[in-house]
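Undergrad: Please read through the structure below; I'll follow up with questions.
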There are 2 protein chains.
Amino acid sequence: MTYSEENYLKVIYHLSLNNSKGVNTNSIANVMESKPSSVTDMVQKLAEKDLVIYKKYQGVSLTEKGKFTALMIVRKHRMWEVFLVETLDFSWDEVHDVAEQLEHIKSEKLINKLEEFLGFPTEDPHGDPIPDRNGKIAKIDKKLLSEIGVGKKVICVGVKDSSPPFLQYLDKQQIALGSAIEVLAKEDFDQSLSLRVDDKDVSVSNKIASNLFVKPV
Amino acid sequence: MTYSEENYLKVIYHLSLNNSKGVNTNSIANVMESKPSSVTDMVQKLAEKDLVIYKKYQGVSLTEKGKFTALMIVRKHRMWEVFLVETLDFSWDEVHDVAEQLEHIKSEKLINKLEEFLGFPTEDPHGDPIPDRNGKIAKIDKKLLSEIGVGKKVICVGVKDSSPPFLQYLDKQQIALGSAIEVLAKEDFDQSLSLRVDDKDVSVSNKIASNLFVKPV
DNA sequence: ATAAATATTTAGCCTTGCCTAAAAATATCT
DNA sequence: AGATATTTTTAGGCAAGGCTAAATATTTAT
Ligand SMILES: [Mn+2]
Ligand SMILES: [Mn+2]
Ligand SMILES: [Mn+2]
Ligand SMILES: [Mn+2]
């Protein structure tokens with residue numbers, strides 16, 4: 001299995017999570033920063049290898065084999081992110097690009113030993129669940145902060161966008177996984193929120209609130 | 001820089017250590033398990049990038065830039081081997097293949113943080129020196145066990161062959177880095193050696209003795 | 001129900017890194 | 001030195017994974 005094939009499977013997996021139908025060529029090309037024609041080529045190759053199900057013009061979906069492969073890549077990606085943050089003191093905005101490389105290292109023993117060393121973590125530094133060695137992945141109960149009503153108290157449990165600029169913004173506002181958040185007020189005009197985060201008052205735009213996952217306290 | 005280019009540079013570096021002249025095409029092809037014609041292609045490409053010096057039919061040598069690049073790959077390879085053995089409890093015969101993959105991960109921060117986490121190791125699990133972040137590599141003073149005279153006492157400090165079968169043989173004989181070895185006798189007929197290793201008597205062939213590095217005690 | 005817009009596939013080409021077979025240079029032997 | 005053997009390069013091709021432009025399906029709008 002090539003890096004390229006692995007990356008396609010991973011992208012198809014992520015896009016499948018929202019999309020209940022087949023994933024379309026264009027959206028894969030967007031995420032991969034490539035062209036729809038290239039996607040068609042690769043998807044045909046993956047179909048021949050029984051990793052995806054594909055009918056012309058009908059989009060693509062993962063077979064069981066393809067899904068398992070994708071989950072193992074996600075497992076490695078998130079496990080390495082934990083390693084980088086917990087063991088090597090990277091910050092949560094620095095780990096993704098390195099994990100994009102490390103997720104392709106082929107050694108079952110390595111990932112299982114790493115898991116053991118890290119104490120069998122269940123979530124990565126961004127609050128995303130880590131599949132176990134059998135491909136089982138926990139579904140974490142979470143809502144977007146933008147959907148929470150005024151007066152409610154919640155805990156921050158994840159980020160939807162995990163790009164460095166967003167994560168750095170959160171660092172600056174001292175919002176982290178585990179922060180206690182109370183929604184003090186919501187502005188009608190622009191849906192911005194007044195929050196109490198731990199002991200500080202913070203105001204955030206709707207865009208920020210739409211990228212923060214929380215759970216009821 | 002592609003994986004392939006990195007692997008060529010590493011191989012040229014290793015072959016240069018013995019060979020004082022230019023490294024020849026054939027020997028590179030042997031190590032890479034490829035063909036001389038492929039080597040010529042790549043070597044021309046590396047020369048264009050100022051990583052090697054190459055004149056037709058004259059063999060190839062590394063430029064400063066090429067040498068530094070090669071040393072950084074060796075650094076990563078050996079550092080990861082230490083990590084696998086020290087942190088994840090791999091045995092010394094299991095680490096090479098995984099390190100072959102990990103040595104290509106591109107992140108200066110990663111390798112430097114890993115070095116710090118491991119306590120700035122100076123040698124890998126096979127006794128080979130680890131280049132520092134500036135490309136400085138210690139020259140370890142060592143001789144082959146086969147060159148040691150009868151009656152001498154030495155310490156095992158490295159292996160020349162680090163293939164799994166040889167390392168597993170050494171495990172079985174309880175010979176490890178740091179073992180105290182006394183040469184009790186040498187057989188004229190086949191150059192095999194009678195040794196005292198730590199507290200045990202062991203007999204080894206000349207082939208074994210020609211692959212063990214030792215230093216005077 | 002057409003027509004227009006959008007999405008997808010096909011056709012044909014490019015680069016990288018590899019190969020085999022043939023040609024050319026160098027080294028070795030008598 | 002001249003013949004032979006070895007090493008190295010060149011020529012020409014192949015597969016993977018991209019791309020652009022053109023053709024074809026599908027969806028949306030009138
Ligand atoms: Mn990530
Ligand atoms: Mn993550
Ligand atoms: Mn090694
Ligand atoms: Mn080693």
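Every chain in the structure tokens takes a letter, A first, then B, and so on in the order presented; its residues are numbered from 1, and the ligands are numbered from 1 following the presented order.
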Which residues sit within 9 Å of ligand 3, counting only C-alpha atoms (C1' of nucleotides) and all ligand atoms, listed as JSON, numbers by chain?

TA: {"B": [74, 77, 78, 81, 95, 96, 97, 98, 99, 100, 124, 125, 126, 162, 163]}

Undergrad: Up to 10 Å from chain D, what residues of chain A turn up? Count only C-alpha atoms (C1' of nucleotides) and give them as a list of chain:residue names.

TA: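 The selection requested is A:Thr2, A:Ser4, A:Ser34, A:Lys35, A:Ser37, A:Ser38, A:Asp41, A:Met42, A:Lys56, A:Tyr57, A:Gln58.
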
Undergrad: How would you write, as a list in words, the set of residues in segment 126-156 of chain A that DSSP gives as strand (DSSP E)?

TA: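 In segment 126-156 of chain A, DSSP puts these residues in strand (DSSP E): Lys143, Leu144, Lys153, Val154, Ile155 and Cys156 of chain A.
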
Undergrad: List every residue of segment 82-176 of chain B that DSSP, applied to the backbone of this structure, places in alpha helix (DSSP H), and write the result as a ChimeraX atom specification.

TA: /B:82,95-102,108-117,164-172

Undergrad: Mind giving me the straight-line distance from atom CA of Met32 of chain A to atom CA of Lys76 of chain A in Å, one decimal?

TA: 19.2 Å

Undergrad: Would you give me, as a ChimeraX atom specification, the residues of chain B that come within 12 Å of chain A, using only C-alpha atoms?

TA: /B:80-81,83-91,94-118

Undergrad: Per residue of chain C within 12 Å of chain A, which atom pair is closest and at what distance in Å (one decimal), using only C-alpha atoms (C1' of nucleotides), listed by chain and increasing number, as JSON lines?

TA:
{"residue": "C:DT6", "atom": "C1'", "partner": "A:Asn26", "partner_atom": "CA", "distance": 10.8}
{"residue": "C:DA7", "atom": "C1'", "partner": "A:Asn26", "partner_atom": "CA", "distance": 7.5}
{"residue": "C:DT8", "atom": "C1'", "partner": "A:Tyr57", "partner_atom": "CA", "distance": 6.0}
{"residue": "C:DT9", "atom": "C1'", "partner": "A:Ser37", "partner_atom": "CA", "distance": 7.1}
{"residue": "C:DT10", "atom": "C1'", "partner": "A:Ser37", "partner_atom": "CA", "distance": 8.9}
{"residue": "C:DA11", "atom": "C1'", "partner": "A:Ser37", "partner_atom": "CA", "distance": 11.2}

Undergrad: To one decimal place, how far is atom CA of Lys139 of chain A from atom CA of Pro216 of chain A in Å?

TA: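 Separating atom CA of Lys139 of chain A from atom CA of Pro216 of chain A is a distance of 15.6 Å.
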
Undergrad: Separation of atom CA of Asp198 of chain B and atom CA of Ile155 of chain B, in Å?

TA: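 These two atoms are separated by 9.6 Å.
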
Undergrad: Restricting the calculation to only C-alpha atoms and all ligand atoms, which member of A:Lys207, A:Arg75, A:Arg133, A:Arg196 is positioned closest to ligand 2?

TA: A:Arg75

Undergrad: Any idea what's packed within 7 Å of Gly135 of chain B, counting only C-alpha atoms (C1' of nucleotides), ignoring anything in its chain fewer than 6 positions away? Could you give it as a PyMOL selection string?

TA: chain B and resi 68+71-72

Undergrad: Keeping N, CA, C and O atoms, export the residues of the selection given above as a PDB file, in the first residue's frame.

TA:
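Produced file part35.pdb, reproduced below:
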ATOM      1  N   PHE B  68      26.479  16.369   4.881  1.00  0.00           N
ATOM      2  CA  PHE B  68      25.669  16.803   6.021  1.00  0.00           C
ATOM      3  C   PHE B  68      24.282  16.163   5.963  1.00  0.00           C
ATOM      4  O   PHE B  68      23.761  15.671   6.973  1.00  0.00           O
ATOM      5  N   LEU B  71      24.529  12.640   6.998  1.00  0.00           N
ATOM      6  CA  LEU B  71      24.736  12.510   8.447  1.00  0.00           C
ATOM      7  C   LEU B  71      23.448  12.738   9.224  1.00  0.00           C
ATOM      8  O   LEU B  71      23.211  12.106  10.254  1.00  0.00           O
ATOM      9  N   MET B  72      22.611  13.633   8.733  1.00  0.00           N
ATOM     10  CA  MET B  72      21.342  13.882   9.419  1.00  0.00           C
ATOM     11  C   MET B  72      20.412  12.670   9.315  1.00  0.00           C
ATOM     12  O   MET B  72      19.640  12.386  10.224  1.00  0.00           O
TER      13      MET B  72
END

Undergrad: Restricting the calculation to only C-alpha atoms and all ligand atoms, which member of B:Val159, B:Val214, B:Ala70, B:Val150 is positioned closest to ligand 4?

TA: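 For ligand 4, the nearest of the given residues is B:Val159.
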